[in-house]
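Colleague: Below are the structure tokens for one structure; questions will follow.
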Amino acid sequence: MTDSKTTILVPGRLHPRALEGLKAAFHVIQTEPGAEMELSAEDKAKILGVATANRMPAEWISQLPALQVISNFGVGYDGVDAGFAAGRSVIVTHTPDVLNDEVADTTIGLLINTVRRLPAAEAYLRAGKWQKEGPFALSPLSLKNRHVGLLGLGRIGLEIARRLEPFKVKISYHTRNRRDDVAYTHVSSLIALAEQVDTLISIIPATPETHKIINEEVLAALGPNGVFINVGRGASVDEAALVTALKTGVIAAAGLDVFYDEPNLPEGLLDLPNVSALPHVASASVPTRNDMADLVVDNLIQWFEQGKVLTPVPESSRG
Ligand code: A2R
């Protein structure tokens with residue numbers, strides 16, 4: 001049985017079901033957002049595990065001398081310093097796979113919303129304009145005959161690609177390593193991918209290497225019929241370049257679920273008619289978030305009961 005005295009820190013907010021599961025198995029200390037590490041030295045010394053929604057910088061990790069494991073809510077763990085944690089033999093876990101289908105479904109919805117302007121059409125109807133002004137304007141774009149390039153073809157990217165197949169679009173991708181288990185065309189650089197396709201979907205993690213890689217040059221290569229969809233991380237995009245490209249017709253449209261400085265959006269973005277934007281909801285259904293919450297808890301229980309975790313991040317895979 002899990003030692004009921006094992007103390008887990010929840011720094012800030014966490015999904016209620018994860019919190020409930022943790023409280024059933026552990027002694028939980030939850031701190032307030034903005035005061036995440038405001039706890040006594042005595043409490044800090046007792047903390048063996050952390051459950052977080054993607055925030056555990058090195059400065060926080062280094063304040064917890066007995067810390068063994070950090071369980072992250074979300075597949076992306078860019079807010080957790082996993083390299084620093086590994087250096088202190090602290091294992092980091094995340095929630096891969098359980099959200100693949102939800103994120104892929106949302107991506108297809110966002111893509112169609114973007115090319116067919118469905119949210120704007122619905123807003124038009126709801127505002128009573130159909131009766132007053134007649135039919136909504138034809139969408140300048142269509143998904144028909146598009147060539148989609150996936151930046152990232154991992155767990156989620158592959159599910160997006162599979163869902164795109166029945167839409168009869170052409171599919172290519174760029175990753176650092178070619179996959180030998182798919183028939184999609186691998187393109188060896190992002191810029192070459194952007195040149196070849198007219199629709200670019202980003203589903204890569206935020207890392208130093210991917211920081212602002214979708215830049216002015218890539219958007220220019222995507223071209224005036226180009227559609228950019230981002231369901232990975234906002235940090236991959238130079239948002240100033242994106243807004244300029246959307247304003248000046250360098251690309252045709254963008255569909256965005258993630259942003260560089262959430263919840264803040266770049267100035268003027270929402271005024272653009274060729275943008276479809278969502279508040280980072282790709283995995284945000286009750287069933288999928290419940291599955292993620294359970295995995296956050298199960299990783300900690302497994303660690304403290306069996307000395308193993310279920311889903312370590314690559315930096316911790318020795319765990
Ligand atoms: O490069 P590879 O062969 O490791 O392929 C991975 C690709 N990727 C990159 N592609 C190009 N340039 C890079 N610098 C680069 N870094 C990574 O991203 C792989 O195809 C994909 C990541 O796949 P997974 O690790 O399976 O992640 P998953 O579960 O698909 O989630 C992707 C991201 C999360 O990290 C969150 O930020 C967001 O979606 O929810």
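In the structure tokens, chains take the letters A, B, ... in the order shown, each chain's residues start at 1, and ligands count up from 1 in the order shown.
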Could you list, with a cut-off of 6 Å and counting only C-alpha atoms and all ligand atoms, the residues of chain A near ligand 1, each shown with its nearest atom pair and the distance in Å rounded to one decimal, rows sorted by chain and ascending number, as a Markdown table?
Modeller:
```
| residue | atom | partner | partner_atom_place_in_ligand_line | distance |
| --- | --- | --- | --- | --- |
| A:Val75 | CA | ligand 1 | 34 (C) | 5.3 |
| A:Gly76 | CA | ligand 1 | 36 (C) | 3.7 |
| A:Pro96 | CA | ligand 1 | 29 (O) | 5.3 |
| A:Gly152 | CA | ligand 1 | 18 (O) | 3.8 |
| A:Leu153 | CA | ligand 1 | 20 (O) | 3.6 |
| A:Gly154 | CA | ligand 1 | 23 (O) | 3.3 |
| A:Arg155 | CA | ligand 1 | 30 (O) | 3.9 |
| A:Ile156 | CA | ligand 1 | 30 (O) | 3.7 |
| A:Gly157 | CA | ligand 1 | 30 (O) | 5.4 |
| A:His174 | CA | ligand 1 | 11 (C) | 5.9 |
| A:Thr175 | CA | ligand 1 | 10 (N) | 3.6 |
| A:Arg176 | CA | ligand 1 | 1 (O) | 3.5 |
| A:Asn177 | CA | ligand 1 | 3 (O) | 3.6 |
| A:Ile203 | CA | ligand 1 | 39 (O) | 5.0 |
| A:Ile204 | CA | ligand 1 | 18 (O) | 4.0 |
| A:Pro205 | CA | ligand 1 | 35 (O) | 3.4 |
| A:Ala206 | CA | ligand 1 | 37 (O) | 5.6 |
| A:Glu209 | CA | ligand 1 | 14 (N) | 5.0 |
| A:Thr210 | CA | ligand 1 | 14 (N) | 4.9 |
| A:Gly232 | CA | ligand 1 | 38 (C) | 4.0 |
| A:Arg233 | CA | ligand 1 | 37 (O) | 5.0 |
```
Colleague: Would you list the contacts of region 46-54 of chain A as a list in words, taking every protein, DNA or RNA residue within 6 Å and counting only C-alpha atoms, but skipping same-chain residues closer than 5 positions in sequence?
Modeller: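 In the requested form, the answer reads Thr7, Ile8, Leu9, Val10, Ala66, Leu67, Gln68, Val69, Ile70, Ser71, Asn72, Phe73, Tyr77, Gly79 and Val80 of chain A.
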Colleague: Dump N, CA and C atoms for the selected residues as a PDB file, in the first residue's frame?
Modeller:
```
ATOM      1  N   THR A   7       4.278  12.753   1.102  1.00  0.00           N
ATOM      2  CA  THR A   7       3.763  14.113   0.879  1.00  0.00           C
ATOM      3  C   THR A   7       4.006  14.542  -0.563  1.00  0.00           C
ATOM      4  N   ILE A   8       2.920  15.008  -1.173  1.00  0.00           N
ATOM      5  CA  ILE A   8       2.945  15.463  -2.567  1.00  0.00           C
ATOM      6  C   ILE A   8       2.627  16.952  -2.576  1.00  0.00           C
ATOM      7  N   LEU A   9       3.405  17.712  -3.327  1.00  0.00           N
ATOM      8  CA  LEU A   9       3.116  19.138  -3.500  1.00  0.00           C
ATOM      9  C   LEU A   9       2.364  19.354  -4.810  1.00  0.00           C
ATOM     10  N   VAL A  10       1.293  20.142  -4.727  1.00  0.00           N
ATOM     11  CA  VAL A  10       0.604  20.613  -5.931  1.00  0.00           C
ATOM     12  C   VAL A  10       0.801  22.127  -5.967  1.00  0.00           C
ATOM     13  N   ALA A  66      14.181  16.465  -0.970  1.00  0.00           N
ATOM     14  CA  ALA A  66      13.851  15.023  -0.964  1.00  0.00           C
ATOM     15  C   ALA A  66      13.043  14.604  -2.187  1.00  0.00           C
ATOM     16  N   LEU A  67      12.890  15.520  -3.131  1.00  0.00           N
ATOM     17  CA  LEU A  67      12.005  15.245  -4.274  1.00  0.00           C
ATOM     18  C   LEU A  67      12.490  14.058  -5.104  1.00  0.00           C
ATOM     19  N   GLN A  68      11.549  13.167  -5.438  1.00  0.00           N
ATOM     20  CA  GLN A  68      11.887  11.984  -6.247  1.00  0.00           C
ATOM     21  C   GLN A  68      11.246  12.026  -7.633  1.00  0.00           C
ATOM     22  N   VAL A  69      10.038  12.606  -7.724  1.00  0.00           N
ATOM     23  CA  VAL A  69       9.280  12.467  -8.967  1.00  0.00           C
ATOM     24  C   VAL A  69       8.372  13.680  -9.188  1.00  0.00           C
ATOM     25  N   ILE A  70       8.272  14.092 -10.453  1.00  0.00           N
ATOM     26  CA  ILE A  70       7.363  15.180 -10.852  1.00  0.00           C
ATOM     27  C   ILE A  70       6.402  14.606 -11.887  1.00  0.00           C
ATOM     28  N   SER A  71       5.113  14.658 -11.582  1.00  0.00           N
ATOM     29  CA  SER A  71       4.105  14.125 -12.494  1.00  0.00           C
ATOM     30  C   SER A  71       3.416  15.295 -13.184  1.00  0.00           C
ATOM     31  N   ASN A  72       3.618  15.390 -14.496  1.00  0.00           N
ATOM     32  CA  ASN A  72       3.085  16.534 -15.234  1.00  0.00           C
ATOM     33  C   ASN A  72       1.768  16.202 -15.898  1.00  0.00           C
ATOM     34  N   PHE A  73       0.815  17.115 -15.773  1.00  0.00           N
ATOM     35  CA  PHE A  73      -0.494  17.003 -16.428  1.00  0.00           C
ATOM     36  C   PHE A  73      -0.352  17.595 -17.824  1.00  0.00           C
ATOM     37  N   TYR A  77       5.741  19.140 -21.762  1.00  0.00           N
ATOM     38  CA  TYR A  77       6.260  19.386 -20.404  1.00  0.00           C
ATOM     39  C   TYR A  77       7.339  20.460 -20.444  1.00  0.00           C
ATOM     40  N   GLY A  79       7.265  23.394 -19.478  1.00  0.00           N
ATOM     41  CA  GLY A  79       7.342  24.215 -18.270  1.00  0.00           C
ATOM     42  C   GLY A  79       8.058  23.523 -17.122  1.00  0.00           C
ATOM     43  N   VAL A  80       8.403  22.258 -17.322  1.00  0.00           N
ATOM     44  CA  VAL A  80       9.125  21.490 -16.293  1.00  0.00           C
ATOM     45  C   VAL A  80      10.567  21.354 -16.761  1.00  0.00           C
TER      46      VAL A  80
END
```
Colleague: For Leu14 (chain A), which residue out of A:Thr93, A:Leu278, A:Met292, A:Leu256 is the nearest one, using only C-alpha atoms?
Modeller: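 Distance minimum relative to Leu14 (chain A) lands on A:Met292.
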Colleague: Quick one: of A:Ala18, A:Ile29, A:Val313, A:Ile213, who's nearest to Lys5 (chain A), counting only C-alpha atoms?
Modeller: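 Closest to Lys5 (chain A) of all the choices is A:Ile29.
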Colleague: Could you check the closest approach to Ala284 (chain A) for each of A:Ser40, A:Ser202, A:Thr31, A:Thr106 and tell me which residue wins, using only C-alpha atoms?
Modeller: A:Thr106
